Amino acid sequence: MIKQWMREAIALAAEGAGRGDGGPFGALVVLGGEVIGRGWNRVLAEQDPTAHAEVIAIRQAARRLGSPHLQGAVLYSSCEPCPMCLCAAYWARLERICYGATAADAAAIGFDDGWLYRELARPRGERRMPMEQALRDEVLAVFRQWEASDRKLLY
């Protein structure tokens, strides 16, 4: 079944790239032998830097299940996920990821995310994008309200 799902992810990559929606990336989320989410890169079509194939497939699967948790599901991606998509897979609690091309293969055609891994490994104060903390006490007050709420749900 892995080859079948991978071929569908590859077909989505080709379709989306052929439309000009974004880069040549496609993904599926499969649970119990059924596709519950599909996506291809739509960064250009939606003018959304987060509209990667994996994120779109994960969002669709979560909506379909009515849950942000996708335990037991597998992500099939035409390419090794970028840092954002990998983190989305962890947040979704996917069981595993199967991918086709490597991050190095993607870098060879201009989609190099290696710099992001290096950047995230740096201490906050040494990253290219400056970060500044402000109004922590006010935020902590909101955190305490949420913590005391009977409507809170951890995810």
# chains A, B, ... in the order shown; residues from 1 in each chain; ligands from 1
>>> select_by_dssp(residues="region 72-125 of chain A", states="strand (DSSP E or B)", output="MDAnalysis selection string")
chainID A and resid 74:79 96:101
>>> write_last_selection(atoms="all heavy atoms", output="mmCIF file, in the first residue's frame")
data_model
loop_
_atom_site.group_PDB
_atom_site.id
_atom_site.type_symbol
_atom_site.label_atom_id
_atom_site.label_comp_id
_atom_site.auth_asym_id
_atom_site.auth_seq_id
_atom_site.Cartn_x
_atom_site.Cartn_y
_atom_site.Cartn_z
ATOM 1 N N VAL A 74 -1.046 8.075 8.959
ATOM 2 C CA VAL A 74 0.264 8.154 8.324
ATOM 3 C C VAL A 74 0.242 9.281 7.302
ATOM 4 O O VAL A 74 -0.722 9.433 6.545
ATOM 5 C CB VAL A 74 0.622 6.823 7.623
ATOM 6 C CG1 VAL A 74 1.969 6.915 6.915
ATOM 7 C CG2 VAL A 74 0.618 5.668 8.627
ATOM 8 N N LEU A 75 1.305 10.068 7.288
ATOM 9 C CA LEU A 75 1.473 11.125 6.299
ATOM 10 C C LEU A 75 2.349 10.579 5.181
ATOM 11 O O LEU A 75 3.451 10.100 5.426
ATOM 12 C CB LEU A 75 2.149 12.343 6.929
ATOM 13 C CG LEU A 75 2.484 13.502 5.993
ATOM 14 C CD1 LEU A 75 1.224 14.157 5.443
ATOM 15 C CD2 LEU A 75 3.349 14.532 6.717
ATOM 16 N N TYR A 76 1.830 10.622 3.965
ATOM 17 C CA TYR A 76 2.591 10.251 2.776
ATOM 18 C C TYR A 76 2.890 11.544 2.039
ATOM 19 O O TYR A 76 1.966 12.265 1.660
ATOM 20 C CB TYR A 76 1.803 9.296 1.884
ATOM 21 C CG TYR A 76 1.594 7.948 2.524
ATOM 22 C CD1 TYR A 76 0.494 7.701 3.340
ATOM 23 C CD2 TYR A 76 2.515 6.930 2.337
ATOM 24 C CE1 TYR A 76 0.318 6.470 3.949
ATOM 25 C CE2 TYR A 76 2.351 5.685 2.934
ATOM 26 C CZ TYR A 76 1.253 5.470 3.744
ATOM 27 O OH TYR A 76 1.085 4.249 4.350
ATOM 28 N N SER A 77 4.158 11.833 1.847
ATOM 29 C CA SER A 77 4.553 13.086 1.221
ATOM 30 C C SER A 77 5.521 12.816 0.079
ATOM 31 O O SER A 77 6.383 11.945 0.179
ATOM 32 C CB SER A 77 5.226 13.987 2.261
ATOM 33 O OG SER A 77 5.637 15.197 1.675
ATOM 34 N N SER A 78 5.377 13.581 -0.985
ATOM 35 C CA SER A 78 6.271 13.409 -2.119
ATOM 36 C C SER A 78 7.704 13.784 -1.767
ATOM 37 O O SER A 78 8.637 13.377 -2.441
ATOM 38 C CB SER A 78 5.782 14.240 -3.312
ATOM 39 O OG SER A 78 5.806 15.614 -2.996
ATOM 40 N N CYS A 79 7.876 14.532 -0.684
ATOM 41 C CA CYS A 79 9.217 14.974 -0.290
ATOM 42 C C CYS A 79 9.331 14.982 1.236
ATOM 43 O O CYS A 79 8.332 15.156 1.944
ATOM 44 C CB CYS A 79 9.468 16.378 -0.841
ATOM 45 S SG CYS A 79 11.159 16.968 -0.640
ATOM 46 N N ARG A 96 3.411 8.084 11.721
ATOM 47 C CA ARG A 96 4.686 8.081 11.001
ATOM 48 C C ARG A 96 4.551 8.870 9.704
ATOM 49 O O ARG A 96 3.457 9.254 9.306
ATOM 50 C CB ARG A 96 5.191 6.674 10.739
ATOM 51 C CG ARG A 96 4.469 5.879 9.695
ATOM 52 C CD ARG A 96 5.126 4.480 9.536
ATOM 53 N NE ARG A 96 4.757 3.872 8.306
ATOM 54 C CZ ARG A 96 3.655 3.155 8.102
ATOM 55 N NH1 ARG A 96 2.818 2.961 9.090
ATOM 56 N NH2 ARG A 96 3.397 2.632 6.932
ATOM 57 N N ILE A 97 5.707 9.064 9.059
ATOM 58 C CA ILE A 97 5.770 9.785 7.797
ATOM 59 C C ILE A 97 6.510 8.917 6.788
ATOM 60 O O ILE A 97 7.563 8.368 7.099
ATOM 61 C CB ILE A 97 6.524 11.122 7.962
ATOM 62 C CG1 ILE A 97 5.803 12.033 8.961
ATOM 63 C CG2 ILE A 97 6.704 11.820 6.610
ATOM 64 C CD1 ILE A 97 6.604 13.255 9.361
ATOM 65 N N CYS A 98 5.955 8.806 5.594
ATOM 66 C CA CYS A 98 6.635 8.173 4.466
ATOM 67 C C CYS A 98 6.851 9.262 3.424
ATOM 68 O O CYS A 98 5.933 10.018 3.135
ATOM 69 C CB CYS A 98 5.780 7.058 3.866
ATOM 70 S SG CYS A 98 5.483 5.689 4.991
ATOM 71 N N TYR A 99 8.058 9.351 2.867
ATOM 72 C CA TYR A 99 8.335 10.408 1.900
ATOM 73 C C TYR A 99 9.158 9.871 0.743
ATOM 74 O O TYR A 99 9.806 8.828 0.839
ATOM 75 C CB TYR A 99 9.047 11.590 2.566
ATOM 76 C CG TYR A 99 10.406 11.269 3.138
ATOM 77 C CD1 TYR A 99 11.549 11.427 2.374
ATOM 78 C CD2 TYR A 99 10.533 10.795 4.440
ATOM 79 C CE1 TYR A 99 12.796 11.130 2.885
ATOM 80 C CE2 TYR A 99 11.769 10.496 4.962
ATOM 81 C CZ TYR A 99 12.901 10.667 4.184
ATOM 82 O OH TYR A 99 14.140 10.360 4.701
ATOM 83 N N GLY A 100 9.120 10.606 -0.366
ATOM 84 C CA GLY A 100 9.837 10.227 -1.573
ATOM 85 C C GLY A 100 11.199 10.898 -1.652
ATOM 86 O O GLY A 100 12.206 10.346 -1.234
ATOM 87 N N ALA A 101 11.242 12.114 -2.177
ATOM 88 C CA ALA A 101 12.499 12.842 -2.331
ATOM 89 C C ALA A 101 13.006 13.310 -0.965
ATOM 90 O O ALA A 101 12.226 13.493 -0.023
ATOM 91 C CB ALA A 101 12.297 14.035 -3.249
#
>>> residues_around(residues="Leu44 (chain A)", least_positions_apart="5", cutoff="8 Å", atoms="only C-alpha atoms", output="ChimeraX atom specification")
/A:20-22
>>> residues_around(residues="Ala27 (chain A)", least_positions_apart="5", cutoff="9 Å", atoms="only C-alpha atoms", output="list in words")
Trp5, Met6, Glu8, Ala9, Ile10, Leu12, Ala13, Gly37, Arg38, Gly39, Trp40, Asn41, His52, Ala53, Glu54, Val55, Ile56, Ala57, Ile58, Leu75, Tyr76, Ser77, Ser78, Cys79 and Tyr99 of chain A
>>> write_last_selection(atoms="N, CA and C atoms", output="CSV table (one decimal), in the first residue's frame")
chain,number,residue,atom,x,y,z
A,5,TRP,N,0.0,4.8,-2.0
A,5,TRP,CA,-0.2,6.1,-1.4
A,5,TRP,C,0.8,7.1,-1.9
A,6,MET,N,2.0,6.6,-2.0
A,6,MET,CA,3.1,7.5,-2.5
A,6,MET,C,2.8,8.0,-3.9
A,8,GLU,N,0.0,8.4,-5.3
A,8,GLU,CA,-1.1,9.5,-5.2
A,8,GLU,C,-0.5,10.8,-4.8
A,9,ALA,N,0.4,10.8,-3.8
A,9,ALA,CA,1.0,12.0,-3.3
A,9,ALA,C,1.9,12.6,-4.4
A,10,ILE,N,2.6,11.8,-5.2
A,10,ILE,CA,3.4,12.3,-6.3
A,10,ILE,C,2.5,12.9,-7.4
A,12,LEU,N,-0.4,14.3,-6.9
A,12,LEU,CA,-0.9,15.6,-6.4
A,12,LEU,C,0.2,16.6,-6.6
A,13,ALA,N,1.4,16.2,-6.4
A,13,ALA,CA,2.6,17.2,-6.6
A,13,ALA,C,2.6,17.6,-8.0
A,37,GLY,N,-7.1,13.0,4.2
A,37,GLY,CA,-6.7,14.4,3.8
A,37,GLY,C,-5.7,14.3,2.6
A,38,ARG,N,-5.9,15.3,1.7
A,38,ARG,CA,-5.1,15.4,0.5
A,38,ARG,C,-4.6,16.9,0.4
A,39,GLY,N,-3.4,17.1,-0.1
A,39,GLY,CA,-3.0,18.4,-0.4
A,39,GLY,C,-1.8,18.5,-1.3
A,40,TRP,N,-1.7,19.6,-2.0
A,40,TRP,CA,-0.5,19.9,-2.8
A,40,TRP,C,-0.1,21.3,-2.4
A,41,ASN,N,1.1,21.7,-2.7
A,41,ASN,CA,1.6,23.0,-2.4
A,41,ASN,C,0.8,24.1,-3.1
A,52,HIS,N,1.6,24.6,2.5
A,52,HIS,CA,2.4,23.5,2.0
A,52,HIS,C,1.5,22.3,1.9
A,53,ALA,N,1.9,21.3,1.1
A,53,ALA,CA,1.0,20.1,0.9
A,53,ALA,C,0.7,19.4,2.2
A,54,GLU,N,1.7,19.2,3.0
A,54,GLU,CA,1.5,18.4,4.2
A,54,GLU,C,0.5,19.2,5.2
A,55,VAL,N,0.7,20.5,5.3
A,55,VAL,CA,-0.2,21.2,6.2
A,55,VAL,C,-1.6,21.2,5.7
A,56,ILE,N,-1.8,21.4,4.4
A,56,ILE,CA,-3.1,21.3,3.8
A,56,ILE,C,-3.8,19.9,4.0
A,57,ALA,N,-3.0,18.9,3.8
A,57,ALA,CA,-3.5,17.5,4.0
A,57,ALA,C,-3.9,17.3,5.5
A,58,ILE,N,-3.0,17.8,6.4
A,58,ILE,CA,-3.3,17.6,7.9
A,58,ILE,C,-4.5,18.4,8.3
A,75,LEU,N,1.3,10.1,7.3
A,75,LEU,CA,1.5,11.1,6.3
A,75,LEU,C,2.3,10.6,5.2
A,76,TYR,N,1.8,10.6,4.0
A,76,TYR,CA,2.6,10.3,2.8
A,76,TYR,C,2.9,11.5,2.0
A,77,SER,N,4.2,11.8,1.8
A,77,SER,CA,4.6,13.1,1.2
A,77,SER,C,5.5,12.8,0.1
A,78,SER,N,5.4,13.6,-1.0
A,78,SER,CA,6.3,13.4,-2.1
A,78,SER,C,7.7,13.8,-1.8
A,79,CYS,N,7.9,14.5,-0.7
A,79,CYS,CA,9.2,15.0,-0.3
A,79,CYS,C,9.3,15.0,1.2
A,99,TYR,N,8.1,9.4,2.9
A,99,TYR,CA,8.3,10.4,1.9
A,99,TYR,C,9.2,9.9,0.7
>>> residues_around(residues="region 110-121 of chain A", least_positions_apart="2", cutoff="10 Å", atoms="only C-alpha atoms", output="NGL selection string")
:A and (23-24 or 81-84 or 103-108 or 123-124 or 126-129)
>>> residues_around(residues="Ala73 (chain A)", least_positions_apart="6", cutoff="9 Å", atoms="only C-alpha atoms", output="short mmCIF file (atom, residue, chain, number, x, y, z; two decimals) with all heavy atoms, in the first residue's frame")
data_model
loop_
_atom_site.label_atom_id
_atom_site.label_comp_id
_atom_site.auth_asym_id
_atom_site.auth_seq_id
_atom_site.Cartn_x
_atom_site.Cartn_y
_atom_site.Cartn_z
N VAL A 29 -2.92 12.13 4.00
CA VAL A 29 -3.01 11.56 5.35
C VAL A 29 -3.93 10.36 5.23
O VAL A 29 -5.06 10.48 4.72
CB VAL A 29 -3.54 12.57 6.38
CG1 VAL A 29 -3.71 11.91 7.74
CG2 VAL A 29 -2.60 13.77 6.50
N VAL A 30 -3.44 9.21 5.67
CA VAL A 30 -4.18 7.96 5.55
C VAL A 30 -4.40 7.37 6.94
O VAL A 30 -3.47 7.29 7.74
CB VAL A 30 -3.42 6.95 4.66
CG1 VAL A 30 -4.14 5.62 4.60
CG2 VAL A 30 -3.22 7.53 3.26
N LEU A 31 -5.63 6.96 7.20
CA LEU A 31 -5.98 6.34 8.47
C LEU A 31 -6.82 5.10 8.19
O LEU A 31 -7.84 5.20 7.50
CB LEU A 31 -6.77 7.31 9.36
CG LEU A 31 -7.21 6.79 10.72
CD1 LEU A 31 -6.02 6.43 11.61
CD2 LEU A 31 -8.10 7.81 11.42
N GLY A 32 -6.39 3.97 8.70
CA GLY A 32 -7.15 2.74 8.51
C GLY A 32 -7.36 2.38 7.06
O GLY A 32 -8.43 1.88 6.70
N ILE A 36 -7.82 10.44 4.36
CA ILE A 36 -8.68 11.39 5.08
C ILE A 36 -8.24 12.84 4.85
O ILE A 36 -8.91 13.76 5.30
CB ILE A 36 -8.75 11.07 6.59
CG1 ILE A 36 -7.36 11.10 7.23
CG2 ILE A 36 -9.44 9.73 6.82
CD1 ILE A 36 -7.39 11.02 8.75
N ARG A 93 0.15 14.54 15.99
CA ARG A 93 0.39 13.22 16.61
C ARG A 93 0.25 12.08 15.59
O ARG A 93 -0.32 11.03 15.89
CB ARG A 93 -0.50 13.02 17.81
CG ARG A 93 -0.18 13.97 18.97
CD ARG A 93 -1.21 13.89 20.07
NE ARG A 93 -0.89 14.67 21.25
CZ ARG A 93 -0.99 15.98 21.37
NH1 ARG A 93 -1.35 16.70 20.33
NH2 ARG A 93 -0.71 16.59 22.51
N LEU A 94 0.76 12.33 14.39
CA LEU A 94 0.73 11.29 13.37
C LEU A 94 1.59 10.11 13.80
O LEU A 94 2.54 10.27 14.56
CB LEU A 94 1.24 11.84 12.03
CG LEU A 94 0.32 12.86 11.38
CD1 LEU A 94 1.03 13.60 10.26
CD2 LEU A 94 -0.94 12.21 10.86
N GLU A 95 1.25 8.95 13.29
CA GLU A 95 2.00 7.74 13.66
C GLU A 95 3.37 7.70 12.99
O GLU A 95 4.36 7.34 13.61
CB GLU A 95 1.20 6.51 13.25
CG GLU A 95 1.87 5.20 13.59
CD GLU A 95 1.01 4.02 13.21
OE1 GLU A 95 -0.15 3.97 13.68
OE2 GLU A 95 1.49 3.17 12.45
N ARG A 96 3.41 8.08 11.72
CA ARG A 96 4.69 8.08 11.00
C ARG A 96 4.55 8.87 9.70
O ARG A 96 3.46 9.25 9.31
CB ARG A 96 5.19 6.67 10.74
CG ARG A 96 4.47 5.88 9.70
CD ARG A 96 5.13 4.48 9.54
NE ARG A 96 4.76 3.87 8.31
CZ ARG A 96 3.66 3.15 8.10
NH1 ARG A 96 2.82 2.96 9.09
NH2 ARG A 96 3.40 2.63 6.93
#
>>> atom_distance(atom1="CA of Gln71 (chain A)", atom2="CA of Met1 (chain A)")
18.8 Å
>>> atom_distance(atom1="CA of Arg122 (chain A)", atom2="CA of Thr50 (chain A)")
22.4 Å
>>> select_by_dssp(residues="chain A", states="helix (DSSP H, G or I)", output="PyMOL selection string")
chain A and resi 2-19+43-46+53-65+83-91+103-108+114-121+124-126+136-148
>>> atom_distance(atom1="CA of Gly16 (chain A)", atom2="CA of Arg42 (chain A)")
7.3 Å
>>> closest_residue(among="A:Ala148, A:Ala92, A:Ile2, A:Ala62", to="Gly33 (chain A)", atoms="only C-alpha atoms")
A:Ile2
>>> closest_residue(among="A:Phe25, A:Arg19, A:Pro49, A:Trp146", to="Arg7 (chain A)", atoms="only C-alpha atoms")
A:Phe25
>>> decode(residues="region 43-78 of chain A", atoms="N, CA and C atoms", output="mmCIF file, in the first residue's frame")
data_model
loop_
_atom_site.group_PDB
_atom_site.id
_atom_site.type_symbol
_atom_site.label_atom_id
_atom_site.label_comp_id
_atom_site.auth_asym_id
_atom_site.auth_seq_id
_atom_site.Cartn_x
_atom_site.Cartn_y
_atom_site.Cartn_z
ATOM 1 N N VAL A 43 1.165 27.523 -2.058
ATOM 2 C CA VAL A 43 1.755 28.780 -1.578
ATOM 3 C C VAL A 43 1.468 29.932 -2.530
ATOM 4 N N LEU A 44 1.642 29.719 -3.819
ATOM 5 C CA LEU A 44 1.418 30.796 -4.790
ATOM 6 C C LEU A 44 -0.062 31.031 -5.043
ATOM 7 N N ALA A 45 -0.832 29.969 -5.133
ATOM 8 C CA ALA A 45 -2.269 30.105 -5.400
ATOM 9 C C ALA A 45 -2.982 30.858 -4.293
ATOM 10 N N GLU A 46 -2.560 30.638 -3.058
ATOM 11 C CA GLU A 46 -3.225 31.269 -1.914
ATOM 12 C C GLU A 46 -2.445 32.440 -1.336
ATOM 13 N N GLN A 47 -1.249 32.689 -1.898
ATOM 14 C CA GLN A 47 -0.379 33.723 -1.330
ATOM 15 C C GLN A 47 -0.236 33.505 0.177
ATOM 16 N N ASP A 48 0.038 32.255 0.536
ATOM 17 C CA ASP A 48 0.111 31.843 1.936
ATOM 18 C C ASP A 48 1.376 31.013 2.126
ATOM 19 N N PRO A 49 2.354 31.529 2.846
ATOM 20 C CA PRO A 49 3.602 30.792 3.019
ATOM 21 C C PRO A 49 3.441 29.488 3.801
ATOM 22 N N THR A 50 2.302 29.305 4.472
ATOM 23 C CA THR A 50 2.069 28.062 5.217
ATOM 24 C C THR A 50 1.272 27.034 4.422
ATOM 25 N N ALA A 51 0.909 27.328 3.194
ATOM 26 C CA ALA A 51 0.059 26.438 2.395
ATOM 27 C C ALA A 51 0.875 25.331 1.732
ATOM 28 N N HIS A 52 1.641 24.629 2.541
ATOM 29 C CA HIS A 52 2.413 23.487 2.049
ATOM 30 C C HIS A 52 1.500 22.275 1.949
ATOM 31 N N ALA A 53 1.865 21.342 1.103
ATOM 32 C CA ALA A 53 1.047 20.144 0.861
ATOM 33 C C ALA A 53 0.715 19.412 2.151
ATOM 34 N N GLU A 54 1.714 19.207 2.995
ATOM 35 C CA GLU A 54 1.505 18.442 4.227
ATOM 36 C C GLU A 54 0.549 19.159 5.170
ATOM 37 N N VAL A 55 0.713 20.473 5.297
ATOM 38 C CA VAL A 55 -0.163 21.249 6.183
ATOM 39 C C VAL A 55 -1.597 21.206 5.679
ATOM 40 N N ILE A 56 -1.781 21.358 4.377
ATOM 41 C CA ILE A 56 -3.127 21.305 3.805
ATOM 42 C C ILE A 56 -3.758 19.934 4.049
ATOM 43 N N ALA A 57 -2.999 18.857 3.834
ATOM 44 C CA ALA A 57 -3.524 17.504 4.049
ATOM 45 C C ALA A 57 -3.852 17.278 5.522
ATOM 46 N N ILE A 58 -3.010 17.753 6.421
ATOM 47 C CA ILE A 58 -3.253 17.600 7.864
ATOM 48 C C ILE A 58 -4.487 18.390 8.272
ATOM 49 N N ARG A 59 -4.627 19.610 7.783
ATOM 50 C CA ARG A 59 -5.809 20.423 8.114
ATOM 51 C C ARG A 59 -7.090 19.734 7.641
ATOM 52 N N GLN A 60 -7.063 19.223 6.420
ATOM 53 C CA GLN A 60 -8.240 18.539 5.875
ATOM 54 C C GLN A 60 -8.585 17.303 6.707
ATOM 55 N N ALA A 61 -7.577 16.534 7.073
ATOM 56 C CA ALA A 61 -7.805 15.322 7.868
ATOM 57 C C ALA A 61 -8.368 15.668 9.244
ATOM 58 N N ALA A 62 -7.823 16.691 9.873
ATOM 59 C CA ALA A 62 -8.297 17.083 11.203
ATOM 60 C C ALA A 62 -9.749 17.556 11.149
ATOM 61 N N ARG A 63 -10.079 18.346 10.130
ATOM 62 C CA ARG A 63 -11.480 18.782 9.976
ATOM 63 C C ARG A 63 -12.391 17.581 9.767
ATOM 64 N N ARG A 64 -11.946 16.664 8.940
ATOM 65 C CA ARG A 64 -12.780 15.489 8.646
ATOM 66 C C ARG A 64 -13.042 14.657 9.897
ATOM 67 N N LEU A 65 -12.003 14.513 10.731
ATOM 68 C CA LEU A 65 -12.169 13.731 11.962
ATOM 69 C C LEU A 65 -12.765 14.553 13.098
ATOM 70 N N GLY A 66 -12.776 15.862 12.955
ATOM 71 C CA GLY A 66 -13.271 16.721 14.028
ATOM 72 C C GLY A 66 -12.343 16.722 15.223
ATOM 73 N N SER A 67 -11.046 16.591 14.963
ATOM 74 C CA SER A 67 -10.065 16.528 16.046
ATOM 75 C C SER A 67 -8.705 17.004 15.541
ATOM 76 N N PRO A 68 -7.949 17.706 16.389
ATOM 77 C CA PRO A 68 -6.595 18.072 15.993
ATOM 78 C C PRO A 68 -5.610 16.917 16.114
ATOM 79 N N HIS A 69 -6.067 15.823 16.676
ATOM 80 C CA HIS A 69 -5.200 14.661 16.889
ATOM 81 C C HIS A 69 -5.472 13.586 15.847
ATOM 82 N N LEU A 70 -4.419 13.148 15.195
ATOM 83 C CA LEU A 70 -4.540 12.164 14.114
ATOM 84 C C LEU A 70 -3.749 10.897 14.452
ATOM 85 N N GLN A 71 -3.847 10.450 15.705
ATOM 86 C CA GLN A 71 -3.133 9.240 16.105
ATOM 87 C C GLN A 71 -3.506 8.084 15.191
ATOM 88 N N GLY A 72 -2.496 7.297 14.852
ATOM 89 C CA GLY A 72 -2.716 6.141 14.002
ATOM 90 C C GLY A 72 -2.661 6.456 12.522
ATOM 91 N N ALA A 73 -2.660 7.728 12.164
ATOM 92 C CA ALA A 73 -2.627 8.122 10.755
ATOM 93 C C ALA A 73 -1.188 8.236 10.262
ATOM 94 N N VAL A 74 -1.046 8.075 8.959
ATOM 95 C CA VAL A 74 0.264 8.154 8.324
ATOM 96 C C VAL A 74 0.242 9.281 7.302
ATOM 97 N N LEU A 75 1.305 10.068 7.288
ATOM 98 C CA LEU A 75 1.473 11.125 6.299
ATOM 99 C C LEU A 75 2.349 10.579 5.181
ATOM 100 N N TYR A 76 1.830 10.622 3.965
ATOM 101 C CA TYR A 76 2.591 10.251 2.776
ATOM 102 C C TYR A 76 2.890 11.544 2.039
ATOM 103 N N SER A 77 4.158 11.833 1.847
ATOM 104 C CA SER A 77 4.553 13.086 1.221
ATOM 105 C C SER A 77 5.521 12.816 0.079
ATOM 106 N N SER A 78 5.377 13.581 -0.985
ATOM 107 C CA SER A 78 6.271 13.409 -2.119
ATOM 108 C C SER A 78 7.704 13.784 -1.767
#
